[in-house]
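Visitor: I am sharing my_file_28.cif, which consists of mmCIF, C-alpha atoms:
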data_target
loop_
_atom_site.label_atom_id
_atom_site.label_comp_id
_atom_site.auth_asym_id
_atom_site.auth_seq_id
_atom_site.Cartn_x
_atom_site.Cartn_y
_atom_site.Cartn_z
CA MET A 1 12.52 28.70 -41.44
CA ALA A 2 10.27 25.69 -40.76
CA HIS A 3 8.89 23.83 -43.77
CA SER A 4 5.15 23.24 -43.92
CA ARG A 5 3.95 19.68 -44.06
CA PRO A 6 3.14 18.39 -47.56
CA THR A 7 -0.55 18.25 -48.34
CA LEU A 8 -2.82 16.06 -50.41
CA HIS A 9 -2.78 18.83 -53.04
CA ASP A 10 1.04 18.66 -53.20
CA VAL A 11 0.94 14.90 -53.81
CA ALA A 12 -1.70 15.30 -56.50
CA THR A 13 0.32 18.02 -58.27
CA LEU A 14 3.53 15.97 -58.26
CA ALA A 15 1.74 12.83 -59.46
CA GLY A 16 -0.26 14.74 -62.06
CA VAL A 17 -3.64 13.48 -60.84
CA SER A 18 -6.65 14.82 -58.94
CA LYS A 19 -6.84 15.08 -55.15
CA SER A 20 -9.77 12.68 -55.12
CA LEU A 21 -7.72 10.04 -56.93
CA VAL A 22 -4.91 10.49 -54.40
CA SER A 23 -7.41 9.96 -51.57
CA LEU A 24 -8.73 6.79 -53.17
CA ALA A 25 -5.24 5.43 -53.85
CA LEU A 26 -3.94 6.02 -50.32
CA ALA A 27 -7.10 4.45 -48.89
CA GLY A 28 -6.40 1.29 -50.92
CA SER A 29 -9.40 1.63 -53.23
CA PRO A 30 -9.55 -0.98 -56.01
CA LYS A 31 -10.92 1.73 -58.32
CA VAL A 32 -7.40 3.09 -58.85
CA SER A 33 -5.24 1.56 -61.60
CA ASP A 34 -1.90 0.02 -60.69
CA LEU A 35 -0.06 2.63 -62.79
CA SER A 36 -1.75 5.59 -61.05
CA ARG A 37 -1.33 4.03 -57.63
CA THR A 38 2.40 3.54 -58.24
CA ARG A 39 2.82 7.19 -59.28
CA ILE A 40 0.82 8.44 -56.29
CA VAL A 41 2.65 6.30 -53.73
CA ALA A 42 6.00 7.39 -55.20
CA ALA A 43 4.98 11.05 -55.03
CA ALA A 44 3.80 10.71 -51.43
CA ALA A 45 7.06 9.02 -50.48
CA GLU A 46 9.16 11.69 -52.21
CA LEU A 47 7.32 14.48 -50.40
CA GLY A 48 7.20 12.66 -47.06
CA TYR A 49 3.41 12.94 -46.99
CA ARG A 50 1.49 11.34 -44.14
CA PRO A 51 -2.33 11.18 -44.16
CA ASN A 52 -4.01 13.10 -41.35
CA ALA A 53 -5.36 10.27 -39.23
CA ALA A 54 -7.52 12.55 -37.11
CA ALA A 55 -9.19 14.14 -40.12
CA ARG A 56 -9.70 10.75 -41.78
CA SER A 57 -11.27 9.27 -38.65
CA LEU A 58 -13.75 12.15 -38.52
CA LYS A 59 -14.66 11.52 -42.14
CA VAL A 60 -15.11 7.76 -41.92
CA ARG A 61 -16.06 7.71 -38.21
CA ARG A 62 -13.38 5.11 -37.51
CA THR A 63 -10.18 5.54 -35.51
CA HIS A 64 -8.96 1.93 -35.56
CA THR A 65 -7.71 2.53 -32.03
CA ILE A 66 -8.20 0.28 -29.00
CA GLY A 67 -7.83 1.79 -25.54
CA VAL A 68 -6.00 -0.35 -22.98
CA LEU A 69 -6.01 0.19 -19.22
CA ILE A 70 -3.16 -1.71 -17.54
CA LEU A 71 -3.39 -1.81 -13.77
CA ASP A 72 0.33 -1.70 -13.00
CA LEU A 73 3.03 -0.93 -15.56
CA HIS A 74 5.66 -2.36 -13.20
CA ASN A 75 4.07 -5.81 -13.01
CA PRO A 76 5.52 -8.11 -15.71
CA VAL A 77 2.31 -10.17 -15.73
CA PHE A 78 0.34 -7.28 -17.17
CA ALA A 79 3.12 -6.37 -19.59
CA GLU A 80 3.06 -9.87 -21.10
CA ILE A 81 -0.73 -9.76 -21.45
CA LEU A 82 -0.37 -6.38 -23.19
CA ASP A 83 2.10 -7.92 -25.66
CA GLY A 84 -0.56 -10.44 -26.64
CA VAL A 85 -3.19 -7.72 -27.08
CA GLN A 86 -0.96 -5.58 -29.27
CA THR A 87 0.20 -8.49 -31.42
CA GLU A 88 -3.38 -9.44 -32.23
CA VAL A 89 -4.88 -5.99 -32.85
CA ARG A 90 -1.98 -4.90 -35.07
CA GLN A 91 -2.66 -7.85 -37.35
CA HIS A 92 -6.13 -6.39 -37.91
CA GLY A 93 -5.00 -2.84 -38.60
CA PHE A 94 -5.69 -1.43 -35.14
CA SER A 95 -3.36 0.48 -32.85
CA THR A 96 -3.49 0.80 -29.05
CA MET A 97 -3.68 3.79 -26.76
CA LEU A 98 -2.36 2.92 -23.30
CA ILE A 99 -3.20 4.30 -19.86
CA SER A 100 -2.07 3.00 -16.47
CA GLY A 101 -4.33 2.15 -13.58
CA SER A 102 -4.29 3.38 -10.02
CA SER A 103 -5.27 2.46 -6.51
CA ASP A 104 -7.89 5.21 -6.90
CA PRO A 105 -10.90 4.07 -8.99
CA ALA A 106 -11.87 7.70 -9.62
CA LEU A 107 -8.53 8.30 -11.32
CA GLU A 108 -8.98 5.19 -13.46
CA GLN A 109 -12.40 6.46 -14.49
CA ALA A 110 -10.93 9.84 -15.43
CA GLU A 111 -8.27 8.16 -17.55
CA ILE A 112 -10.93 6.14 -19.35
CA GLU A 113 -12.90 9.33 -20.02
CA THR A 114 -9.77 10.69 -21.71
CA LEU A 115 -9.61 7.61 -23.95
CA LEU A 116 -13.27 8.01 -24.88
CA ARG A 117 -12.64 11.60 -25.98
CA PHE A 118 -10.15 10.20 -28.49
CA GLN A 119 -13.01 8.09 -29.93
CA ILE A 120 -11.49 4.70 -29.22
CA GLU A 121 -13.42 1.86 -30.82
CA GLY A 122 -12.95 -0.55 -27.94
CA LEU A 123 -11.55 -0.81 -24.42
CA ILE A 124 -9.55 -3.63 -22.84
CA LEU A 125 -9.07 -3.57 -19.07
CA ILE A 126 -6.02 -5.57 -17.97
CA ALA A 127 -7.15 -5.73 -14.35
CA HIS A 128 -8.76 -2.69 -12.75
CA ARG A 129 -10.28 -1.28 -9.56
CA LEU A 130 -13.45 0.16 -11.07
CA PRO A 131 -16.77 -0.51 -9.32
CA GLU A 132 -19.43 -2.46 -11.18
CA THR A 133 -21.67 0.60 -11.62
CA ILE A 134 -18.93 2.41 -13.57
CA LEU A 135 -18.14 -0.70 -15.61
CA ARG A 136 -21.75 -0.99 -16.69
CA THR A 137 -21.73 2.62 -17.86
CA VAL A 138 -18.45 2.20 -19.75
CA ALA A 139 -19.51 -1.08 -21.38
CA ALA A 140 -22.73 0.55 -22.58
CA GLU A 141 -20.72 3.30 -24.29
CA VAL A 142 -17.84 1.37 -25.85
CA PRO A 143 -17.14 -2.36 -26.45
CA THR A 144 -15.30 -3.51 -23.33
CA VAL A 145 -13.34 -6.66 -22.45
CA VAL A 146 -11.85 -7.40 -19.02
CA VAL A 147 -8.74 -9.55 -18.61
CA THR A 148 -7.90 -11.54 -15.41
CA ARG A 149 -11.30 -10.93 -13.76
CA ASP A 150 -14.15 -13.45 -13.91
CA ASP A 151 -16.28 -12.19 -11.03
CA LEU A 152 -18.50 -9.77 -13.01
CA ASP A 153 -21.55 -10.46 -15.15
CA ILE A 154 -22.32 -7.33 -17.15
CA PRO A 155 -24.34 -7.36 -20.40
CA GLN A 156 -22.21 -6.92 -23.53
CA MET A 157 -18.96 -7.02 -21.52
CA ASP A 158 -16.70 -10.00 -22.22
CA SER A 159 -14.02 -11.38 -19.94
CA VAL A 160 -10.95 -13.55 -20.40
CA SER A 161 -9.28 -15.01 -17.35
CA ASN A 162 -7.17 -17.82 -15.98
CA ASP A 163 -8.84 -20.56 -13.91
CA ASP A 164 -7.18 -19.53 -10.66
CA VAL A 165 -9.03 -22.03 -8.49
CA ASP A 166 -7.76 -24.90 -10.63
CA GLY A 167 -4.27 -23.36 -10.80
CA ALA A 168 -4.04 -23.25 -7.02
CA ARG A 169 -5.15 -26.87 -6.90
CA MET A 170 -2.26 -27.78 -9.22
CA ALA A 171 0.17 -26.08 -6.83
CA VAL A 172 -1.12 -27.99 -3.82
CA ASP A 173 -1.27 -31.28 -5.75
CA HIS A 174 2.39 -30.84 -6.71
CA LEU A 175 3.49 -30.18 -3.14
CA VAL A 176 1.42 -33.01 -1.69
CA GLY A 177 2.90 -35.32 -4.31
CA LEU A 178 6.32 -34.45 -2.91
CA GLY A 179 5.18 -35.50 0.57
CA HIS A 180 4.36 -32.07 2.00
CA ARG A 181 1.56 -31.64 4.51
CA ARG A 182 2.34 -28.42 6.35
CA ILE A 183 1.69 -26.22 3.33
CA VAL A 184 1.10 -22.55 4.15
CA HIS A 185 -0.48 -20.20 1.63
CA LEU A 186 0.63 -16.57 1.39
CA ASN A 187 -2.33 -14.80 -0.18
CA GLY A 188 -2.22 -11.81 -2.50
CA GLY A 189 -4.41 -9.40 -0.58
CA ASP A 190 -8.00 -8.27 -0.99
CA ASN A 191 -8.74 -8.72 -4.70
CA PRO A 192 -10.81 -11.25 -6.70
CA VAL A 193 -7.84 -13.06 -8.27
CA SER A 194 -6.15 -13.63 -4.91
CA HIS A 195 -9.43 -14.75 -3.35
CA ALA A 196 -9.82 -17.39 -6.09
CA ARG A 197 -6.30 -18.71 -5.54
CA SER A 198 -6.89 -18.91 -1.79
CA GLU A 199 -10.14 -20.76 -2.41
CA GLY A 200 -8.37 -23.23 -4.67
CA TYR A 201 -5.75 -23.83 -1.97
CA ARG A 202 -8.40 -24.50 0.70
CA ARG A 203 -10.36 -26.89 -1.53
CA ALA A 204 -7.27 -28.84 -2.54
CA MET A 205 -5.99 -29.14 1.03
CA THR A 206 -9.41 -30.39 2.13
CA ASP A 207 -9.63 -32.89 -0.73
CA HIS A 208 -6.21 -34.27 0.25
CA GLY A 209 -7.40 -34.77 3.85
CA LEU A 210 -5.20 -31.90 5.08
CA ALA A 211 -7.88 -29.51 6.34
CA GLU A 212 -6.22 -29.37 9.76
CA PHE A 213 -3.08 -27.93 8.13
CA ILE A 214 -4.83 -25.14 6.25
CA GLN A 215 -3.11 -21.86 7.06
CA VAL A 216 -3.52 -18.64 5.03
CA VAL A 217 -1.20 -15.77 5.89
CA PRO A 218 -2.23 -12.27 4.71
CA GLY A 219 0.17 -11.02 2.09
CA GLY A 220 0.28 -9.09 -1.17
CA LEU A 221 1.57 -9.17 -4.72
CA THR A 222 4.95 -7.47 -4.21
CA ASP A 223 8.30 -8.89 -3.13
CA ALA A 224 8.14 -6.80 0.05
CA ALA A 225 4.71 -8.26 0.87
CA GLY A 226 6.04 -11.77 0.23
CA PHE A 227 9.01 -11.16 2.53
CA ALA A 228 6.81 -9.82 5.34
CA ALA A 229 4.22 -12.60 5.05
CA THR A 230 6.92 -15.28 5.08
CA SER A 231 8.41 -13.89 8.27
CA GLU A 232 5.02 -14.56 9.87
CA ALA A 233 4.50 -17.90 8.10
CA LEU A 234 7.75 -19.34 9.45
CA GLY A 235 6.09 -19.37 12.88
CA TYR A 236 3.84 -22.18 11.63
CA HIS A 237 6.87 -24.34 10.74
CA PRO A 238 5.83 -25.05 7.15
CA THR A 239 7.61 -27.50 4.88
CA ALA A 240 6.26 -25.65 1.84
CA LEU A 241 4.83 -22.28 0.84
CA PHE A 242 2.32 -21.66 -1.92
CA VAL A 243 2.67 -17.96 -2.73
CA ALA A 244 0.01 -15.89 -4.52
CA ASN A 245 2.32 -14.73 -7.32
CA ASP A 246 5.90 -15.04 -8.55
CA VAL A 247 7.02 -11.58 -7.44
CA ALA A 248 5.90 -12.23 -3.86
CA ALA A 249 7.51 -15.68 -4.08
CA MET A 250 10.88 -14.03 -4.67
CA GLY A 251 10.36 -12.04 -1.50
CA ALA A 252 9.44 -15.27 0.29
CA ILE A 253 12.67 -16.92 -0.81
CA ALA A 254 14.65 -13.93 0.44
CA ALA A 255 12.93 -14.18 3.84
CA ILE A 256 13.65 -17.91 4.09
CA GLU A 257 17.31 -17.34 3.31
CA ASN A 258 17.38 -14.44 5.79
CA ALA A 259 16.29 -16.94 8.46
CA ASN A 260 19.31 -19.12 7.57
CA LEU A 261 17.12 -21.72 5.89
CA SER A 262 17.47 -23.18 2.41
CA VAL A 263 15.09 -23.57 -0.55
CA PRO A 264 13.99 -26.30 -1.19
CA GLU A 265 16.01 -28.34 1.37
CA ASP A 266 14.23 -26.76 4.34
CA ILE A 267 11.17 -25.17 2.71
CA SER A 268 9.80 -25.61 -0.80
CA VAL A 269 8.33 -22.55 -2.55
CA ILE A 270 5.92 -22.43 -5.47
CA GLY A 271 4.73 -19.21 -7.08
CA TYR A 272 2.01 -18.31 -9.54
CA ASP A 273 1.93 -16.54 -12.94
CA GLY A 274 4.96 -17.83 -14.84
CA ILE A 275 6.43 -14.40 -15.57
CA ARG A 276 9.50 -14.24 -17.80
CA ILE A 277 12.19 -11.94 -16.49
CA GLY A 278 15.90 -12.39 -15.96
CA GLY A 279 15.41 -12.79 -12.22
CA MET A 280 13.11 -15.73 -12.78
CA ARG A 281 15.87 -17.69 -14.49
CA ARG A 282 18.28 -17.00 -11.63
CA VAL A 283 15.71 -17.88 -8.96
CA ASN A 284 14.70 -21.00 -10.91
CA LEU A 285 11.22 -20.76 -9.44
CA THR A 286 8.64 -23.53 -9.62
CA THR A 287 5.41 -21.84 -10.63
CA ILE A 288 1.88 -22.15 -11.94
CA ALA A 289 2.27 -20.49 -15.33
CA GLN A 290 -0.63 -18.59 -16.82
CA PRO A 291 -0.82 -18.36 -20.63
CA LEU A 292 -0.25 -14.61 -20.36
CA ALA A 293 0.23 -13.68 -24.01
CA GLU A 294 -2.69 -15.93 -24.96
CA LEU A 295 -4.91 -14.13 -22.45
CA GLY A 296 -4.09 -10.90 -24.28
CA ARG A 297 -4.65 -12.39 -27.73
CA GLN A 298 -8.00 -13.87 -26.72
CA ALA A 299 -9.09 -10.57 -25.18
CA ALA A 300 -8.21 -8.76 -28.41
CA GLN A 301 -10.16 -11.32 -30.46
CA HIS A 302 -13.21 -10.85 -28.25
CA MET A 303 -12.83 -7.09 -28.63
CA LEU A 304 -12.66 -7.22 -32.43
CA ARG A 305 -15.70 -9.49 -32.53
CA ARG A 306 -17.63 -7.16 -30.23
CA ILE A 307 -16.76 -4.11 -32.35
CA SER A 308 -18.46 -5.89 -35.24
CA ASP A 309 -21.41 -7.07 -33.16
CA ARG A 310 -22.12 -4.76 -30.25
CA ASP A 311 -25.28 -6.56 -29.12
CA SER A 312 -23.99 -10.13 -28.90
CA PRO A 313 -24.34 -11.82 -25.48
CA ALA A 314 -21.42 -11.49 -23.09
CA GLN A 315 -18.84 -14.26 -23.31
CA HIS A 316 -16.66 -15.35 -20.41
CA GLU A 317 -13.64 -17.45 -21.31
CA GLN A 318 -11.33 -19.22 -18.88
CA LEU A 319 -7.90 -20.52 -19.88
CA SER A 320 -5.91 -23.13 -18.00
CA ALA A 321 -2.51 -22.68 -16.40
CA THR A 322 0.31 -25.23 -16.39
CA LEU A 323 2.68 -26.44 -13.69
CA VAL A 324 6.32 -25.54 -14.41
CA ILE A 325 8.65 -27.48 -12.12
CA ARG A 326 12.00 -25.88 -11.43
CA GLY A 327 14.39 -25.83 -8.53
CA THR A 328 12.47 -24.30 -5.62
CA THR A 329 10.35 -27.34 -4.80
CA GLY A 330 11.56 -30.72 -3.65
CA PRO A 331 10.50 -33.71 -1.57
CA VAL A 332 10.16 -33.63 2.17
CA THR A 333 13.46 -34.66 3.77
CA SER A 334 14.72 -35.38 7.27
CA ARG A 335 15.61 -31.67 7.48
CA ASN A 336 12.01 -30.48 7.17
CA SER A 337 9.79 -33.44 8.02
#
Could you show the structure in this file as structure tokens?

Guide:
Amino acid sequence: MAHSRPTLHDVATLAGVSKSLVSLALAGSPKVSDLSRTRIVAAAAELGYRPNAAARSLKVRRTHTIGVLILDLHNPVFAEILDGVQTEVRQHGFSTMLISGSSDPALEQAEIETLLRFQIEGLILIAHRLPETILRTVAAEVPTVVVTRDDLDIPQMDSVSNDDVDGARMAVDHLVGLGHRRIVHLNGGDNPVSHARSEGYRRAMTDHGLAEFIQVVPGGLTDAAGFAATSEALGYHPTALFVANDVAAMGAIAAIENANLSVPEDISVIGYDGIRIGGMRRVNLTTIAQPLAELGRQAAQHMLRRISDRDSPAQHEQLSATLVIRGTTGPVTSRNS
């Protein structure tokens, strides 16, 4: 026979106090004496009592829950940003409720509607495919912060992003410093982040007097997309590839090796993001590393501030990436000059 869950009344009876005193003690009220609090906490522990969070949230109109939409659970970039979000909000007594994104904006909107029914106090979008009209509606209903996107200006909606134009410039500067001129860029597809990185590549190449060598090959953000784009890029006889992200860069390296060429002796490869997975250590990839966890922490801080002050002006924060030099880039040699 199943045992019923212990109630507030059970705790009060065991501790020999009133139900109202139990409620105050478990809520951390300073009105409860240390002696009574000790007896109540001990009784609750003995009975295995857990407060009903749903009932309490209805009473105090607080859920202390942040909703998080993460575009792709399989992308380690977003997972590291999520780690930063959760670390920060937990320090302030909040928990997170997670949903995954989709290539279908309507499905993302439906998932967000589900979060809103759970009375989340804020929403963090770690990348998304929602149109601006929907974002405006969502931001008007619940405090909203967007991570990785800096192309939207919506009242009361903050954003935290990496400076992707400057990051791409760092990649090109590094390769040019090694003597490379025929630098081909494999872009990340049709999305704002990839567009910014492509723009940074074009500006840097032009500033280095290499406009005639500008070549952008359509690609994507997966290893398969990197492999396919590299197969096309090899027709331009590059000495170096700047790839839109680290995952696609691994596909690019595989394609180079499949063509019986070596990295970096024949072609240097630099990625973008600075993800930390076991494969990265084996590949030893030179990359432009975003401060991923810090992006998440900053987004959470903006969210907590906005929960306290819904009407404050929108803030848009950009963080800088860093160049991490490893083994996939090297100087131009007689083999690839």

Visitor: What's the 12 Å shell around segment 215-229 of chain A, counting all atoms listed in the file, without same-chain residues fewer than 5 positions away, as number ranges by chain?

Guide: A: 72, 74-77, 181-191, 193-195, 197-202, 205-206, 210, 234-238, 240-259, 269, 271-273

Visitor: Considering only C-alpha atoms, return as a ChimeraX atom specification whatever protein or nucleic-acid residues lie within 9 Å of Ile112 of chain A, sequence-local ones (same chain, fewer than 6 positions apart) excluded.

Guide: /A:67-69,99,123,138

Visitor: What does the distance from atom CA of His128 of chain A to atom CA of Arg305 of chain A come to in Å, to one decimal?

Guide: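 Going from atom CA of His128 of chain A over to atom CA of Arg305 of chain A covers 22.0 Å.
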
Visitor: Using all atoms listed in the file, which of the listed residues (A:Val17, A:Phe213, A:Pro155, A:Phe78) sits closest to Thr38 of chain A?

Guide: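 Checking each of A:Val17, A:Phe213, A:Pro155, A:Phe78 against Thr38 of chain A, counting all atoms listed in the file, the winner is A:Val17.
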
Visitor: Could you tell me how far atom CA of Ile120 of chain A lies from atom CA of Val22 of chain A, in Å and to one decimal?

Guide: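 Separating atom CA of Ile120 of chain A from atom CA of Val22 of chain A is a distance of 26.7 Å.
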
Visitor: Apply the PyMOL selection byres ((chain A and resi 307) around 10) to the displayed file and report the matching residues as a VMD selection string.

Guide: chain A and resid 121 to 122 142 to 144 301 to 306 308 to 311

Visitor: Quick one: residues within 12 Å of Ala289 of chain A, only C-alpha atoms counted, chain neighbours fewer than 6 positions away excluded, as a list of chain:residue names?

Guide: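 Listing them by chain and then by number gives A:Val77, A:Asn162, A:Asp163, A:Asp164, A:Asp166, A:Gly167, A:Ala168, A:Met170, A:Ala171, A:Ala244, A:Asn245, A:Asp246, A:Ile270, A:Gly271, A:Tyr272, A:Asp273, A:Gly274, A:Ile275, A:Arg276, A:Leu295, A:Leu319, A:Ser320, A:Ala321, A:Thr322, A:Leu323, A:Val324, A:Ile325, A:Arg326.
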
Visitor: Now that the selection is made, can you save its residues with C-alpha atoms as a short mmCIF file (atom, residue, chain, number, x, y, z; two decimals), in the coordinates of the input?

Guide:
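Once everything was written out, this is part-v5.cif:
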data_model
loop_
_atom_site.label_atom_id
_atom_site.label_comp_id
_atom_site.auth_asym_id
_atom_site.auth_seq_id
_atom_site.Cartn_x
_atom_site.Cartn_y
_atom_site.Cartn_z
CA VAL A 77 2.31 -10.17 -15.73
CA ASN A 162 -7.17 -17.82 -15.98
CA ASP A 163 -8.84 -20.56 -13.91
CA ASP A 164 -7.18 -19.53 -10.66
CA ASP A 166 -7.76 -24.90 -10.63
CA GLY A 167 -4.27 -23.36 -10.80
CA ALA A 168 -4.04 -23.25 -7.02
CA MET A 170 -2.26 -27.78 -9.22
CA ALA A 171 0.17 -26.08 -6.83
CA ALA A 244 0.01 -15.89 -4.52
CA ASN A 245 2.32 -14.73 -7.32
CA ASP A 246 5.90 -15.04 -8.55
CA ILE A 270 5.92 -22.43 -5.47
CA GLY A 271 4.73 -19.21 -7.08
CA TYR A 272 2.01 -18.31 -9.54
CA ASP A 273 1.93 -16.54 -12.94
CA GLY A 274 4.96 -17.83 -14.84
CA ILE A 275 6.43 -14.40 -15.57
CA ARG A 276 9.50 -14.24 -17.80
CA LEU A 295 -4.91 -14.13 -22.45
CA LEU A 319 -7.90 -20.52 -19.88
CA SER A 320 -5.91 -23.13 -18.00
CA ALA A 321 -2.51 -22.68 -16.40
CA THR A 322 0.31 -25.23 -16.39
CA LEU A 323 2.68 -26.44 -13.69
CA VAL A 324 6.32 -25.54 -14.41
CA ILE A 325 8.65 -27.48 -12.12
CA ARG A 326 12.00 -25.88 -11.43
#

Visitor: Could you check how far atom CA of Thr328 of chain A sits from atom CA of His180 of chain A, in Å to one decimal?

Guide: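 Atom CA of His180 of chain A lies at a distance of 13.6 Å from atom CA of Thr328 of chain A.
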
Visitor: Which residues are close to Leu8 of chain A, i.e. within 8 Å by all atoms listed in the file, leaving aside same-chain residues fewer than 4 positions away? Reply as a PyMOL selection string.

Guide: chain A and resi 12+19+22-23+49+51

Visitor: Which residues match the PyMOL selection byres ((chain A and resi 296) around 12) in the file above, as number ranges by chain?

Guide: A: 68, 70, 77-89, 124-127, 145-148, 159-162, 290-295, 297-303, 317, 319

Visitor: To verify the selection step, state as a list in words which residues the PyMOL selection byres ((chain A and resi 104-108) around 8) yields on this input.

Guide: Ser100, Gly101, Ser102, Ser103, Gln109, Ala110, Glu111, Ile112, His128, Arg129, Leu130 and Pro131 of chain A

Visitor: Measuring between all atoms listed in the file, which one of A:Thr133, A:Gln91, A:Gln119, A:Thr239 shows the shortest distance to Asp266 of chain A?

Guide: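 When distances to Asp266 of chain A are compared using all atoms listed in the file, the smallest one comes from A:Thr239.
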
Visitor: Looking at A:Ala42, A:Met157, A:Leu116, A:Leu21, which one is nearest to Arg136 of chain A, with distances taken over only C-alpha atoms?

Guide: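 Checking each of A:Ala42, A:Met157, A:Leu116, A:Leu21 against Arg136 of chain A, counting only C-alpha atoms, the winner is A:Met157.
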
Visitor: Under the rule that only C-alpha atoms are counted, which of A:Glu46, A:Gly327, A:Asp151, A:Val332 is the nearest residue to Pro6 of chain A?

Guide: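 Checking each of A:Glu46, A:Gly327, A:Asp151, A:Val332 against Pro6 of chain A, counting only C-alpha atoms, the winner is A:Glu46.
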
Visitor: Mind working out the centre and edge lengths of an axis-aligned box for segment 251-258 of chain A, all listed atoms inside, 8 Å added to each side, rounded to one decimal in Å and written as lines of an AutoDock Vina configuration file?

Guide:
center_x = 13.4
center_y = -15.0
center_z = 2.1
size_x = 23.9
size_y = 21.9
size_z = 23.3

Visitor: A:Leu24, A:Leu47, A:Met97, A:Leu135: which is nearest Thr114 of chain A, counting all atoms listed in the file?

Guide: A:Met97

Visitor: Compare A:Ile267, A:Ala15, A:Leu35, A:Ala45 by their minimum atom-to-atom distance to Leu178 of chain A, counting only C-alpha atoms, and give me the closest one.

Guide: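 Between A:Ile267, A:Ala15, A:Leu35, A:Ala45, the residue approaching Leu178 of chain A most closely is A:Ile267.
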